[in-house]
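**Student:** Input: one structure, supplied below.
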Amino acid sequence: MNQPHAGGLPPGVAARQAALRLLDAVLRRGETLEQAGGRALASIRADNDRALARAIAAEVLRHLPDIDALIDSATQRPLPHDAKARFVLRIALAQMLALGTPSHAAIATVLPLVDGGPRKLVHGVFGTLSRRGVTLPDPPALPADTAGRWAEQWGADMVDAARRAMATPPPLDLTLRGAQGPEGQQLLPGHRRLPRGTAIPELPGYGEGAWWVQDIAASIPARLLGAGAGTAIDACAAPGGKTMQLAAAGWDVIAIDIAESRLARLRANLDRTHLSADIIAEDATKWSPAAPVDAVLLDAPCSATGIFRRHPDVIHRIHSASIEQMTDLQRHLLAHAAGWLKKGGKLVYATCSLERAEGEDQAEAFLSANKDFAVDPVRADELPAAIAPTAKGWVRILPGALEAEGGCDGFFIARFARAG
């Protein structure tokens, strides 16, 4: 007979219980999976159980509209969206339909999470769906409000591409500190793309800090400042990918972030890669440098809707109200950061967002309010071959970009020059 694990739970149940806590944090409290992980996984000791809990929660979120539609097809009345029985059914179905868990194991490991009538309901609904031989659509559906918002901004083809992107977690992109790195596909100089699932610490150069993990789209903003020619400020810098790019390119970097906990990761990343920066824990809307600088990189806080394929929680947490709140912060940051630059200096503004309000609209408003700035058009030879600058000279990366090569995150990037 199997012995109960820690806390008296049968084997395998603790990981499902942790997945339940993760989903509750995301769907009811609006936290990110990363934010929720500390508390939700605190009682799980085994690395494989922690990984399983994260995988279950991620697959539920990746397929949530379709899983909920299956549940609703097997109940006389729709379950409330915050009902524990619905959450538990989501976990069981994600295991069976997305992770390939045998149906008997998928249901046996979630039933201990519910008691009484809900337990019978969960067992009955799961049994009905299992006997039907249900499957998940490929590609998965997006939440209706997200699909509607994106269709209005970018059209139906973009929504279809986003669905395809959601279906497949992304490959592993590396940015190289120098010229050498692991074998892999190279989409830009100093870049390598490896298959998903590659064991990062086992790759050559990891211990020496020869590279760091960074989606290729996220690497473009720092690339657009070119080789170091003085002092560059990386505002909102943590966890440090762009700070490391700037330092490796020869800039004297000032890295600012408001969160000391995130700056700890930046310091660790700099230590591993043997790069340096002047690190400042300050609010970038209030701080100013002692003297004007040559370049500013503002990868601004945003809705992060562009990273939905890696972080599927984002499309269930972000709504119009939260986007509006982010745009206010971005506007203040842009206006303040513009004052840090020398005449003739360069400012790169970027967001990992698929929302016009956080990209094109911000750029247009900034130019209208700052007559001493103009667009410094991005050239095609500064970008991967399948990504082209827009007619206005900035970069808009939508789902479908680099799709044949494995895709990339969504981004908006604009480069401005201050008049000399």
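The way I read the labels, and the way they are meant: chains A, B, ... in the order of the structure tokens, residue 1 as the first residue of every chain, and ligand 1 as the first ligand shown, with later ones counted on from there.
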Which residues of stretch 78-177 of chain A come within 10 Å of stretch 182-189 of chain A, and what is each one's closest atom pair and distance in Å (one decimal), counting only C-alpha atoms, sorted by chain and residue number, as a Markdown table?

**Tutor:**
```
| residue | atom | partner | partner_atom | distance |
| --- | --- | --- | --- | --- |
| A:Leu172 | CA | A:Gly184 | CA | 9.9 |
| A:Asp173 | CA | A:Gln185 | CA | 9.2 |
| A:Leu174 | CA | A:Pro182 | CA | 8.9 |
| A:Thr175 | CA | A:Pro189 | CA | 9.1 |
| A:Leu176 | CA | A:Pro189 | CA | 8.8 |
```

**Student:** Only C-alpha atoms, please: the residues just picked out, written as a PDB file, in the first residue's frame.

**Tutor:**
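Result written to part35.pdb:
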```
ATOM      1  CA  LEU A 172      15.191  28.647 -25.938  1.00  0.00           C
ATOM      2  CA  ASP A 173      16.910  31.855 -27.069  1.00  0.00           C
ATOM      3  CA  LEU A 174      20.364  32.873 -25.847  1.00  0.00           C
ATOM      4  CA  THR A 175      22.150  36.208 -26.107  1.00  0.00           C
ATOM      5  CA  LEU A 176      25.936  35.807 -26.241  1.00  0.00           C
TER       6      LEU A 176
END
```

**Student:** Just the helix (DSSP H, G or I) stuff from stretch 113-331 of chain A, please, per backbone DSSP, written as a PyMOL selection string.

**Tutor:** chain A and resi 113+116-132+144-154+156-167+200-202+216-223+241-248+260-273+305-307+314-317+320-331

**Student:** Using only C-alpha atoms, determine which residues lie at most 12 Å from stretch 260-268 of chain A, disregarding the query and same-chain residues fewer than 3 positions distant; provide the list as a count of residues only.

**Tutor:** 30

**Student:** For A:Pro221, which residue out of A:Arg132, A:Arg396, A:Arg192, A:Arg415 is the nearest one, using only C-alpha atoms?

**Tutor:**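 For A:Pro221, the nearest of the candidates is A:Arg415.
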
**Student:** Residues near A:Ile91, anyone? I mean within 8 Å using only C-alpha atoms, not counting same-chain ones fewer than 6 positions away, as a list in words.

**Tutor:**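 Answer for this query is Arg16, Ala19, Leu20, Ile56, Ala57, Val60 and Val110 of chain A.
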
**Student:** Using only C-alpha atoms, find the one residue out of A:Ala55, A:Ile44, A:Ala232, A:Leu23 that sits nearest to A:His81.

**Tutor:**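 Selected residue with least distance to A:His81: A:Leu23.
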
**Student:** Between atom CA of A:Gly127 and atom CA of A:Ala74, measure the distance and give it in Å to one decimal.

**Tutor:**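 So the answer is 9.7 Å.
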